[in-house]
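**Student:** If you scroll down you'll find the structure; I have some questions about it.
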Amino acid sequence: MCITMPITEAAKKRTPALPPPRVTYHKLRKLIHFACFLGFLALPFFNLMRFDIPRQRFYFAGYELWINEFAIIFFALMFLMFLIIGSSVFYGRVYCGYMCPQMIFSETSIALENRLRRWVNKRFFEWSARRRNWAVRGLFLAILAPASVFLAFAFISYFVPPADLFHRLLAFDLHTAGGISGAAVSIITFLDFTLVRQRFCTTVCPYGYLQGILGDNNTLLVHYRDEGHQCIECKKCVRVCHMGIDIRNSPFQIECVHCGECIDACVDVLGRLGKKGLIHYTWGEHGGELGGKEPWYSRIGIRDAKRVVVLVLLLCYGCGLFVALSMRRDLLVQIDPERATLYRLNGSRVYNRFRFQIANRGHARSAVVFSLQQLRAATLEITPNPAPVAAGATQQGAFEISRPLASSTEEVDHFSIVATPVGGGPPDIFPMTFLSPPQRSSQ
Ligand code: SF4
Ligand code: SF4
């Protein structure tokens with residue numbers, strides 16, 4: 001039997017639900033979180049960014065920088081810092097919400113715990129609530145313990161070669177600095193993701209406070225706008241917020257990491273009533289919404305002269321860093337005169353002694369040919385010449401230059417030692433002096 005219900009006037013007037021958005025900020029964030037997690041693992045393993053403390057090397061974008069290249073290392077680290085600061089001027093705390101490892105792993109640990117709770121409640125519904133709670137806790141800690149070791153391993157790999165660290169892990173090494181650091185970071189990670197989580201962002205991390213200084217009227221933020229009094233007080237935006245705040249109170253709350261979860265929540269609730277969400281990413285408190293109809297440069301955040309300057313500075317800095325890295329040479333040669341003894345006489349010849357150091361920062365064995373310029377009748381006494389140096393090694397040594405006493409009447413002769421890399425590359429020219437006995441000038 002078919003019963004036809006009368007359609008009321010209210011039902012006729014009811015606004016149809018809006019179609020759900022194709023991409024939510026939640027999905028976008030999870031995608032970026034996953035990419036960042038892969039990046040977090042890949043950076044040290046592929047030497048894209050790693051500070052190798054035992055070997056005193058800094059790996060950056062495929063370059064192996066030695067500790068004596070501190071200027072470039074400093075330049076590279078400052079560039080990364082400026083990038084984060086620049087992104088804060090443009091996009092507020094998107095780094096916190098979308099890319100920060102602390103946020104990613106905190107959210108993941110919460111999601112894991114919730115998932116385990118749902119599973120245990122469904123599977124063991126006949127157990128008492130207390131017993132189910134203990135089961136969830138036990139399972140969660142059992143998963144988190146090896147996960148903490150894994151994350152600590154990935155983190156320490158930024159400072160100790162991963163292969164070396166792996167052997168220390170297998171040997172339960174708790175004697176060396178690498179082993180002790182690994183154990184300490186594992187414990188800290190475990191406690192962090194069981195007890196601290198996002199509290200870290202509002203208590204320890206200074207970046208949120210720094211953001212307050214960096215942002216201005218054109219910085220992207222999450223803003224609640226309800227001029228038409230459409231809010232139905234469902235408070236879903238509050239319930240989904242991991243930071244435990246109500247965005248409707250103010251867009252400038254220090255806890256807000258601009259994750260956009262409350263935007264999705266409001267779009268979902270009001271969309272079912274055929275209305276648009278009331279929370280948006282906006283350019284400052286009074287600016288337009290993200291993705292609004294504006295010129296392309298405004299849509300990507302270039303909204304005033306300050307941002308143009310920040311962008312130009314970042315570009316110049318990045319180009320400077322690229323030039324500095326590309327001008328690096330694999331072979332670094334140093335030559336110094338040894339003046340503890342000014343000269344040595346042997347029969348009719350006078351000798352001067354020099355020390356050299358060759359650093360091979362490349363990945364292949366190499367050698368340097370030493371030669372002399374503008375020192376008449378002189379002999380370079382170095383064996384072997386070319387001087388070989390293994391990949392990644394530093395070779396030190398000494399050599400003498402001799403010449404007949406009769407070849408010059410000067411006490412000091414100026415000349416150059418030339419160090420030419422075997423296999424190409426510009427030579428290094430070192431201006432030097434050759435010292436001879438003083439009495440000869442009076443003869
Ligand atoms: S989710 Fe939207 S409608 Fe619900 S309380 Fe928050 S702002 Fe109001
Ligand atoms: S208020 Fe919204 S944007 Fe801010 S942290 Fe909470 S959910 Fe994320």
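If you're wondering about the labels, chains in the structure tokens are A, B, ... by order shown, residues count from 1 in each chain, ligands from 1 in order shown.
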For Ala71 in chain A, find every residue with an atom within 12 Å (counting only C-alpha atoms), except residues of its own chain fewer than 4 positions away, and show them as a VMD selection string.
**Tutor:** chain A and resid 58 65 to 67 75 to 78 321 324 to 325 328
**Student:** With only C-alpha atoms as the counted atoms, please give the residues lying no more than 9 Å from Thr341 in chain A, apart from itself and same-chain residues fewer than 3 positions off, as a list of chain:residue names.
**Tutor:**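 Those residues are A:Glu338, A:Arg344, A:Asn352, A:Arg353.
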**Student:** Within 12 Å of ligand 1, counting only C-alpha atoms and all ligand atoms: which residues, as a PyMOL selection string?
**Tutor:** chain A and resi 222-241+245-249+260-273+275-280
**Student:** What are the DSSP strand (DSSP E or B) residues of range 182-422 of chain A, as a ChimeraX atom specification?
**Tutor:** /A:220-224,279-283,289,331-337,344-346,349-360,366-373,379-381,387-389,394-404,412-421
**Student:** So how far away is CA of Ser250 in chain A from CA of Glu294 in chain A, in Å?
**Tutor:** 25.5 Å
